[in-house]
$ cat start-v7.txt   # compact mmCIF, C-alpha atoms
# COMPACT_ATOMS: atom_id res chain seq x y z
CA MET A 16 146.59 32.02 172.79
CA ARG A 17 145.00 35.42 173.33
CA ARG A 18 144.56 35.89 169.60
CA ASP A 19 143.04 32.44 169.16
CA THR A 20 140.75 32.95 172.14
CA ARG A 21 139.62 36.33 170.81
CA GLY A 22 138.99 34.81 167.38
CA ALA A 23 136.92 32.00 168.88
CA TRP A 24 134.88 34.47 170.95
CA ASP A 25 134.28 36.66 167.88
CA ALA A 26 133.10 33.59 165.96
CA VAL A 27 130.66 32.69 168.75
CA ARG A 28 129.27 36.23 168.82
CA ALA A 29 128.94 36.29 165.02
CA ALA A 30 127.05 32.99 165.08
CA TRP A 31 124.73 34.33 167.78
CA ARG A 32 124.07 37.66 166.02
CA GLY A 33 122.68 36.29 162.78
CA PRO A 34 123.18 34.32 159.56
CA GLY A 35 126.74 34.05 158.33
CA ARG A 36 129.65 31.70 157.78
CA GLU A 37 130.01 31.09 161.53
CA ARG A 38 126.37 30.10 161.98
CA ASP A 39 126.60 27.83 158.93
CA LEU A 40 129.53 26.03 160.57
CA VAL A 41 127.55 25.59 163.79
CA VAL A 42 124.57 24.18 161.90
CA GLN A 43 126.70 21.72 159.91
CA SER A 44 128.56 20.60 163.04
CA LEU A 45 125.33 19.95 164.93
CA LYS A 46 123.88 18.14 161.93
CA ALA A 47 126.93 15.85 161.78
CA ALA A 48 126.66 15.10 165.49
CA GLY A 49 122.92 14.45 165.15
CA ALA A 50 123.48 12.12 162.19
CA ALA A 51 126.03 10.12 164.21
CA VAL A 52 123.67 9.78 167.20
CA LEU A 53 120.78 8.77 164.93
CA ALA A 54 122.94 6.16 163.17
CA TRP A 55 123.96 4.72 166.55
CA LEU A 56 120.36 4.53 167.68
CA VAL A 57 119.40 2.69 164.49
CA GLY A 58 122.39 0.37 164.27
CA GLY A 59 123.34 -0.15 167.90
CA VAL A 60 120.17 0.29 169.94
CA TRP A 61 117.34 -0.67 167.60
CA MET A 62 119.17 -3.37 165.59
CA GLY A 63 121.50 -4.42 168.44
CA ASP A 64 124.39 -4.98 166.05
CA PRO A 65 127.75 -5.56 167.80
CA LEU A 66 129.51 -3.76 164.92
CA ALA A 67 127.24 -0.71 165.01
CA LEU A 68 130.25 1.63 165.40
CA MET A 69 130.58 1.71 161.61
CA ALA A 70 127.21 3.43 161.15
CA PRO A 71 127.83 6.59 163.26
CA TRP A 72 131.41 6.82 162.01
CA VAL A 73 130.28 6.93 158.37
CA ALA A 74 127.30 9.21 159.09
CA LEU A 75 129.51 11.68 160.94
CA VAL A 76 131.92 12.28 158.07
CA LEU A 77 129.26 12.38 155.35
CA VAL A 78 127.56 15.59 156.48
CA GLN A 79 129.56 17.54 153.93
CA ALA A 80 129.46 21.17 152.82
CA THR A 81 126.92 20.37 150.07
CA VAL A 82 124.34 17.66 149.45
CA PHE A 83 126.01 16.74 146.17
CA SER A 84 129.41 16.28 147.83
CA SER A 85 127.76 14.19 150.58
CA LEU A 86 126.37 11.82 147.97
CA VAL A 87 129.63 11.60 146.01
CA GLN A 88 131.78 11.19 149.11
CA GLY A 89 129.33 8.66 150.50
CA ALA A 90 129.65 6.45 147.42
CA ARG A 91 133.44 6.72 147.52
CA GLN A 92 133.69 6.01 151.23
CA PHE A 93 131.30 3.07 151.06
CA GLY A 94 133.38 1.58 148.25
CA ALA A 95 136.60 2.10 150.21
CA ILE A 96 135.10 0.48 153.33
CA CYS A 97 133.93 -2.53 151.33
CA VAL A 98 137.36 -2.98 149.74
CA GLY A 99 139.13 -2.59 153.09
CA THR A 100 136.83 -5.04 154.85
CA LEU A 101 137.08 -7.70 152.15
CA LEU A 102 140.88 -7.50 151.75
CA ALA A 103 141.46 -7.49 155.51
CA SER A 104 139.22 -10.54 155.97
CA ALA A 105 140.94 -12.36 153.12
CA ALA A 106 144.39 -11.54 154.53
CA GLN A 107 143.35 -12.81 157.99
CA ALA A 108 141.98 -16.00 156.48
CA ILE A 109 145.19 -16.60 154.50
CA THR A 110 147.70 -15.85 157.26
CA ASP A 111 145.64 -16.70 160.37
CA ASP A 112 147.78 -14.12 162.16
CA THR A 113 147.07 -10.49 163.06
CA THR A 114 150.57 -9.21 162.24
CA GLY A 115 150.73 -11.16 158.98
CA ALA A 116 147.28 -9.94 157.95
CA LEU A 117 148.26 -6.33 158.61
CA ALA A 118 151.52 -6.72 156.68
CA LEU A 119 149.69 -8.32 153.76
CA SER A 120 146.68 -6.02 153.46
CA VAL A 121 147.64 -2.52 154.64
CA PRO A 122 150.39 -1.82 152.05
CA VAL A 123 148.06 -2.82 149.23
CA LEU A 124 145.24 -0.69 150.63
CA MET A 125 147.49 2.35 151.09
CA LEU A 126 148.43 2.08 147.41
CA LEU A 127 144.74 1.80 146.50
CA ALA A 128 144.06 4.91 148.59
CA ASN A 129 145.76 6.94 145.86
CA TRP A 130 143.31 5.73 143.20
CA PRO A 131 141.51 8.81 141.83
CA ARG A 132 138.17 6.98 141.91
CA PHE A 133 138.29 7.07 145.71
CA GLY A 134 139.16 10.78 145.84
CA ASP A 135 140.12 11.75 149.40
CA GLN A 136 138.14 8.82 150.84
CA GLY A 137 140.69 6.15 149.90
CA ILE A 138 142.33 6.25 153.31
CA TYR A 139 139.19 4.70 154.81
CA ALA A 140 140.02 1.42 153.11
CA ALA A 141 143.20 1.10 155.18
CA THR A 142 141.62 2.31 158.44
CA THR A 143 138.72 -0.11 158.00
CA ALA A 144 141.23 -2.93 157.52
CA LEU A 145 142.96 -1.94 160.77
CA PHE A 146 139.68 -2.02 162.69
CA THR A 147 138.64 -5.29 161.08
CA ILE A 148 141.87 -7.16 161.83
CA SER A 149 142.41 -5.72 165.32
CA SER A 150 138.87 -6.62 166.39
CA GLY A 151 139.42 -10.27 165.44
CA MET A 152 135.97 -10.48 163.85
CA VAL A 153 136.72 -11.46 160.24
CA SER A 154 134.05 -14.06 159.56
CA LEU A 155 131.69 -13.85 156.63
CA SER A 156 128.94 -12.73 159.00
CA ALA A 157 131.15 -9.97 160.47
CA VAL A 158 132.00 -8.73 156.96
CA GLY A 159 128.31 -8.50 156.14
CA HIS A 160 127.58 -6.64 159.37
CA ARG A 161 130.32 -4.07 158.71
CA VAL A 162 129.22 -3.42 155.15
CA GLY A 163 125.59 -3.20 156.23
CA GLN A 164 126.35 -0.74 159.03
CA ALA A 165 128.43 1.38 156.65
CA ALA A 166 125.48 1.49 154.26
CA ILE A 167 123.14 2.54 157.10
CA GLY A 168 125.52 5.30 158.15
CA ALA A 169 125.90 6.55 154.59
CA VAL A 170 122.14 6.70 154.06
CA ILE A 171 121.55 8.52 157.34
CA GLY A 172 124.40 11.00 156.81
CA VAL A 173 123.27 11.95 153.30
CA ALA A 174 119.61 12.08 154.32
CA VAL A 175 120.26 14.36 157.29
CA ASN A 176 122.35 16.72 155.15
CA ALA A 177 119.69 16.81 152.42
CA LEU A 178 116.56 17.03 154.55
CA VAL A 179 117.62 19.10 157.57
CA LEU A 180 118.48 22.69 156.55
CA PRO A 181 120.32 21.71 153.36
CA PRO A 182 123.46 23.85 153.00
CA ILE A 183 122.98 26.55 150.35
CA HIS A 184 126.16 28.54 149.83
CA LEU A 185 124.98 31.78 148.26
CA ARG A 186 126.14 34.25 150.88
CA ASP A 187 129.85 33.73 150.14
CA VAL A 188 129.46 34.71 146.49
CA ARG A 189 127.91 38.06 147.33
CA ALA A 190 130.46 38.69 150.11
CA ASN A 191 133.40 37.92 147.82
CA LEU A 192 131.99 40.04 145.00
CA ALA A 193 131.57 42.97 147.37
CA ALA A 194 135.03 42.46 148.85
CA LEU A 195 136.63 42.34 145.39
CA ALA A 196 134.91 45.57 144.32
CA GLN A 197 135.79 47.24 147.63
CA GLU A 198 139.46 46.23 147.58
CA THR A 199 139.83 47.24 143.94
CA GLY A 200 138.35 50.64 144.73
CA GLU A 201 140.73 51.02 147.68
CA VAL A 202 143.74 50.26 145.47
CA LEU A 203 142.62 52.96 143.03
CA HIS A 204 142.11 55.37 145.93
CA THR A 205 145.65 54.68 147.15
CA VAL A 206 147.16 55.23 143.72
CA ALA A 207 145.12 58.40 143.21
CA ALA A 208 146.17 59.83 146.59
CA ASP A 209 149.86 59.20 145.96
CA LEU A 210 149.70 60.65 142.46
CA ARG A 211 147.82 63.71 143.66
CA GLU A 212 150.40 64.45 146.38
CA GLY A 213 153.21 64.01 143.86
CA GLU A 214 155.49 62.29 146.36
CA TRP A 215 155.88 58.83 144.89
CA ASP A 216 158.84 56.82 143.70
CA ALA A 217 159.76 53.35 142.47
CA GLN A 218 159.15 51.85 145.91
CA THR A 219 155.69 53.39 146.08
CA ALA A 220 154.86 52.07 142.62
CA SER A 221 156.10 48.63 143.65
CA GLY A 222 153.63 48.74 146.55
CA TRP A 223 150.83 49.48 144.08
CA VAL A 224 151.82 46.46 141.99
CA THR A 225 151.83 44.24 145.08
CA ALA A 226 148.41 45.52 146.14
CA SER A 227 146.96 44.89 142.68
CA ALA A 228 148.45 41.37 142.68
CA ARG A 229 146.55 40.61 145.89
CA LEU A 230 143.34 41.29 144.01
CA ASP A 231 143.97 38.13 142.01
CA HIS A 232 143.78 36.07 145.21
CA ARG A 233 140.43 37.67 145.99
CA LEU A 234 139.27 36.88 142.44
CA GLN A 235 140.22 33.23 142.90
CA ALA A 236 138.27 33.17 146.18
CA LEU A 237 135.26 34.58 144.34
CA ARG A 238 135.45 31.90 141.65
CA SER A 239 135.77 29.20 144.31
CA ALA A 240 132.72 30.59 146.14
CA ARG A 241 130.78 30.63 142.86
CA ARG A 242 131.59 26.96 142.28
CA TRP A 243 130.46 26.11 145.82
CA SER A 244 127.21 28.00 145.35
CA GLN A 245 126.46 26.20 142.09
CA GLU A 246 127.24 22.82 143.63
CA SER A 247 125.14 23.55 146.71
CA LEU A 248 122.08 23.95 144.49
CA ARG A 249 122.58 20.57 142.83
CA MET A 250 120.39 17.75 144.06
CA THR A 251 118.78 20.02 146.66
CA TYR A 252 115.03 19.52 146.68
CA ALA A 253 113.45 22.87 145.81
CA PRO A 254 110.86 23.12 148.65
CA LEU A 255 113.62 22.40 151.18
CA ARG A 256 115.54 25.45 150.04
CA ALA A 257 112.75 27.61 151.42
CA LEU A 258 113.49 26.21 154.89
CA HIS A 259 117.06 27.46 154.70
CA ARG A 260 117.07 31.21 155.05
CA VAL A 261 119.35 32.69 152.44
CA PRO A 262 120.05 36.45 152.57
CA HIS A 263 118.41 38.67 149.93
CA GLU A 264 116.04 35.85 148.92
CA GLY A 265 118.91 33.94 147.38
CA ALA A 266 119.24 36.40 144.49
CA LEU A 267 122.77 36.43 143.18
CA PRO A 268 124.50 38.65 140.65
CA ALA A 269 125.02 36.89 137.35
CA VAL A 270 128.18 34.94 136.64
CA ASP A 271 129.05 37.68 134.14
CA GLU A 272 129.66 39.98 137.11
CA ASP A 273 132.57 37.75 138.16
CA GLU A 274 134.14 38.10 134.73
CA ARG A 275 133.53 41.85 134.65
CA LEU A 276 135.26 42.41 137.96
CA GLY A 277 138.00 40.07 136.81
CA ARG A 278 138.60 42.36 133.84
CA VAL A 279 138.62 45.36 136.19
CA THR A 280 141.36 43.82 138.34
CA GLY A 281 143.34 43.05 135.18
CA HIS A 282 143.16 46.69 134.08
CA VAL A 283 144.26 47.84 137.54
CA ALA A 284 147.23 45.48 137.39
CA THR A 285 148.24 46.81 133.95
CA LEU A 286 147.85 50.38 135.17
CA THR A 287 150.08 49.89 138.22
CA ARG A 288 152.72 48.06 136.19
CA ALA A 289 152.81 50.92 133.69
CA LEU A 290 153.42 53.39 136.51
CA ALA A 291 156.11 51.14 138.01
CA VAL A 292 157.87 50.87 134.63
CA SER A 293 157.82 54.64 134.23
CA MET A 294 159.84 55.00 137.45
CA ASP A 295 162.52 52.52 136.36
CA ASP A 296 165.70 54.43 135.54
CA ASN A 297 166.68 51.74 133.04
CA ARG A 298 163.51 52.25 130.98
CA THR A 299 162.78 54.98 128.43
CA PRO A 300 159.13 55.78 129.33
CA ALA A 301 158.61 58.51 131.92
CA PRO A 302 155.54 59.35 134.01
CA PRO A 303 153.33 62.31 133.07
CA GLU A 304 153.71 65.48 135.08
CA GLY A 305 151.73 68.46 136.34
CA GLN A 306 148.08 68.92 135.51
CA ALA A 307 147.88 65.65 133.52
CA LEU A 308 148.90 63.62 136.56
CA ARG A 309 146.48 65.46 138.87
CA SER A 310 143.59 65.00 136.44
CA TYR A 311 144.41 61.32 136.15
CA ALA A 312 144.46 60.98 139.94
CA ARG A 313 141.02 62.57 140.17
CA LEU A 314 139.67 60.20 137.52
CA LEU A 315 141.05 57.15 139.36
CA ARG A 316 139.52 58.39 142.60
CA LEU A 317 136.08 58.69 140.98
CA ILE A 318 136.35 55.22 139.47
CA GLY A 319 137.37 53.92 142.90
CA ASP A 320 134.31 55.65 144.38
CA ALA A 321 132.11 53.88 141.83
CA LEU A 322 133.58 50.48 142.78
CA CYS A 323 133.14 51.13 146.51
CA ALA A 324 129.52 52.17 145.88
CA GLU A 325 129.01 48.92 143.99
CA ALA A 326 130.42 46.98 146.96
CA ASP A 327 127.96 48.70 149.30
CA SER A 328 125.09 47.94 146.94
CA LEU A 329 126.03 44.25 146.83
CA LEU A 330 126.14 44.01 150.61
CA GLU A 331 122.71 45.63 150.82
CA GLY A 332 121.20 43.10 148.44
CA GLY A 333 121.54 44.87 145.10
CA VAL A 334 122.80 43.26 141.93
CA THR A 335 124.40 46.18 140.08
CA ALA A 336 125.31 49.74 140.99
CA ARG A 337 125.74 52.85 138.89
CA PRO A 338 127.48 56.14 139.73
CA ASP A 339 125.23 59.16 140.07
CA ASP A 340 124.86 61.69 137.25
CA GLU A 341 127.17 64.23 138.90
CA THR A 342 129.98 61.67 139.19
CA GLU A 343 129.55 60.58 135.59
CA LYS A 344 129.67 64.20 134.43
CA ALA A 345 132.89 64.81 136.37
CA MET A 346 134.41 61.64 134.92
CA ARG A 347 133.59 62.75 131.37
CA GLU A 348 135.14 66.17 131.98
CA LEU A 349 138.30 64.59 133.36
CA HIS A 350 138.41 62.23 130.41
CA GLY A 351 138.32 65.23 128.05
CA GLU A 352 141.11 66.94 130.02
CA LEU A 353 143.28 63.85 129.81
CA GLN A 354 142.81 63.57 126.06
CA GLU A 355 143.82 67.22 125.69
CA ASN A 356 146.88 66.62 127.88
CA LEU A 357 147.79 63.62 125.78
CA ARG A 358 147.80 65.76 122.64
CA ARG A 359 149.92 68.37 124.41
CA HIS A 360 152.39 65.77 125.68
CA ALA A 361 152.74 64.40 122.17
CA GLY A 362 154.53 67.58 121.21
CA GLU A 363 156.93 67.33 124.17
CA GLY A 364 158.35 63.88 123.45
CA ALA A 365 157.50 60.22 123.24
CA ALA A 366 158.63 59.27 126.77
CA HIS A 367 155.77 60.97 128.63
CA THR A 368 153.26 60.36 125.84
CA ALA A 369 153.74 56.58 125.88
CA VAL A 370 152.98 56.26 129.58
CA LEU A 371 150.09 58.73 129.57
CA GLY A 372 148.54 56.95 126.60
CA THR A 373 148.76 53.60 128.39
CA LEU A 374 147.30 55.06 131.57
CA LEU A 375 144.48 56.74 129.67
CA LEU A 376 143.66 53.48 127.85
CA GLN A 377 143.43 51.57 131.14
CA ALA A 378 141.30 54.32 132.70
CA GLU A 379 138.93 54.11 129.74
CA ASN A 380 138.77 50.34 130.17
CA LEU A 381 137.99 50.75 133.86
CA TRP A 382 135.38 53.37 133.06
CA ALA A 383 133.70 51.10 130.51
CA GLU A 384 133.49 48.25 133.05
CA THR A 385 132.27 50.33 136.00
CA VAL A 386 129.95 52.81 134.29
CA PRO A 387 127.34 51.19 131.99
CA GLY A 388 126.54 53.08 128.83
CA ASP A 389 122.74 52.86 129.24
CA PRO A 390 121.05 53.55 132.60
CA GLU A 391 118.33 51.01 131.76
CA GLN A 392 120.82 48.16 131.27
$ encode --input "start-v7.txt" --output "structure tokens"
Amino acid sequence: MRRDTRGAWDAVRAAWRGPGRERDLVVQSLKAAGAAVLAWLVGGVWMGDPLALMAPWVALVLVQATVFSSLVQGARQFGAICVGTLLASAAQAITDDTTGALALSVPVLMLLANWPRFGDQGIYAATTALFTISSGMVSLSAVGHRVGQAAIGAVIGVAVNALVLPPIHLRDVRANLAALAQETGEVLHTVAADLREGEWDAQTASGWVTASARLDHRLQALRSARRWSQESLRMTYAPLRALHRVPHEGALPAVDEDERLGRVTGHVATLTRALAVSMDDNRTPAPPEGQALRSYARLLRLIGDALCAEADSLLEGGVTARPDDETEKAMRELHGELQENLRRHAGEGAAHTAVLGTLLLQAENLWAETVPGDPEQ
């Protein structure tokens, strides 16, 4: 309870401080409540319809995360409500009994709820049938009123979502990009620190592999956020976007940045697996030793610094980041040292050479993805 209370209080403070996920949730919640009240005023007060409950119910659930999803879900829900109302009325007319009508219509509607055309709105066919039969109002006029009120609610819900601060999900993409770069840099920092101290074993290497595997979850979150951002821009009237304040003027890094960081996480995963394999007593490859390992640790630390700097740049509104000239010079020197160590290890045996060669290849891949070749690019 204390943890939940603290989390709720933190969310309230975050919503009060400024734009963010928490404030977006507050805005969407208030919009949904406003759409329901407006639908009730139209259907119940102005029109005086005895079945006006359908309008606010539909309007409430159709203020979705994006305008496009509101429209799609609205069409699906309206179709489900129509099917539920018609089947329930037909079942009541056939059986002339509440229990018999429920037994006849609800099983069929629950099966229809699984129809992919309805998506996750299919359940509303069965719930509408329950309301229709339990109310006892199953005449042709009552069916028309229910369908009409559902249409009013759908129109109001979609209109409110589209016209009142339309949800534009761009912030999550930037936040997830920055988090992925930051966490990848931290993994490289951890590996570099352990290698530099020289006190690492199979268990330590297993921890590196686990940490690199977690990066894949962050990458999936990034791709999901990118899909949401693209969908949120569909069917959103351009002038209305200016009314919704999006951080950094809505400028987002290109989709190619997602793929680039995805390749970076893949190289980190390969790197950590190679180190884990080298500590397996049942495997032939062995980890490099001495100066080669220390140079490699320094190179990983610099690459991690470059990724963390990129994360900071993204959070500040930048699109790309580049290490400074001094860092690039140090990275090139370390790269030369590692190549020299690789040639020296080649004369000492294949076990150390195989692992060092793999590690050097992955470091070069990371370098190529984090340090552009041309400063003007």
$ closest_residue --input "start-v7.txt" --among "A:Cys97, A:Ile171, A:Val52, A:Val370" --to "Thr285 in chain A" --atoms "only C-alpha atoms"
A:Val370
$ closest_residue --input "start-v7.txt" --among "A:Leu117, A:Ala208, A:Ile167, A:Leu192" --to "Met62 in chain A" --atoms "only C-alpha atoms"
A:Ile167
$ atom_distance --input "start-v7.txt" --atom1 "CA of Leu308 in chain A" --atom2 "CA of Leu276 in chain A"
25.3 Å
$ closest_residue --input "start-v7.txt" --among "A:Pro65, A:Pro122, A:Gly372, A:Gly277" --to "Leu234 in chain A" --atoms "only C-alpha atoms"
A:Gly277
$ closest_residue --input "start-v7.txt" --among "A:Val179, A:Ile109, A:Leu66, A:Leu376" --to "Val283 in chain A" --atoms "only C-alpha atoms"
A:Leu376
$ closest_residue --input "start-v7.txt" --among "A:Leu371, A:Ala291, A:Ala194, A:Val41" --to "Gln306 in chain A" --atoms "all atoms listed in the file"
A:Leu371
$ atom_distance --input "start-v7.txt" --atom1 "CA of Arg161 in chain A" --atom2 "CA of Val121 in chain A"
17.9 Å
$ closest_residue --input "start-v7.txt" --among "A:His282, A:Arg189, A:Arg91, A:Arg316" --to "Val73 in chain A" --atoms "all atoms listed in the file"
A:Arg91
$ atom_distance --input "start-v7.txt" --atom1 "CA of Ile138 in chain A" --atom2 "CA of Met125 in chain A"
6.8 Å
$ residues_around --input "start-v7.txt" --residues "Asn380 in chain A" --least-positions-apart "5" --cutoff "9 Å" --atoms "only C-alpha atoms" --output "PyMOL selection string"
chain A and resi 278-279+282+375+385
$ write_last_selection --input "start-v7.txt" --atoms "C-alpha atoms" --output "JSON list (two decimals), in the coordinates of the input"
[["chain", "number", "residue", "atom", "x", "y", "z"],
["A", 278, "ARG", "CA", 138.60, 42.36, 133.84],
["A", 279, "VAL", "CA", 138.62, 45.36, 136.19],
["A", 282, "HIS", "CA", 143.16, 46.69, 134.08],
["A", 375, "LEU", "CA", 144.48, 56.74, 129.67],
["A", 385, "THR", "CA", 132.27, 50.33, 136.00]]
$ residues_around --input "start-v7.txt" --residues "range 140-150 of chain A" --least-positions-apart "2" --cutoff "6 Å" --atoms "all atoms listed in the file" --output "PyMOL selection string"
chain A and resi 95-96+99-100+103+121+124+137-138+152
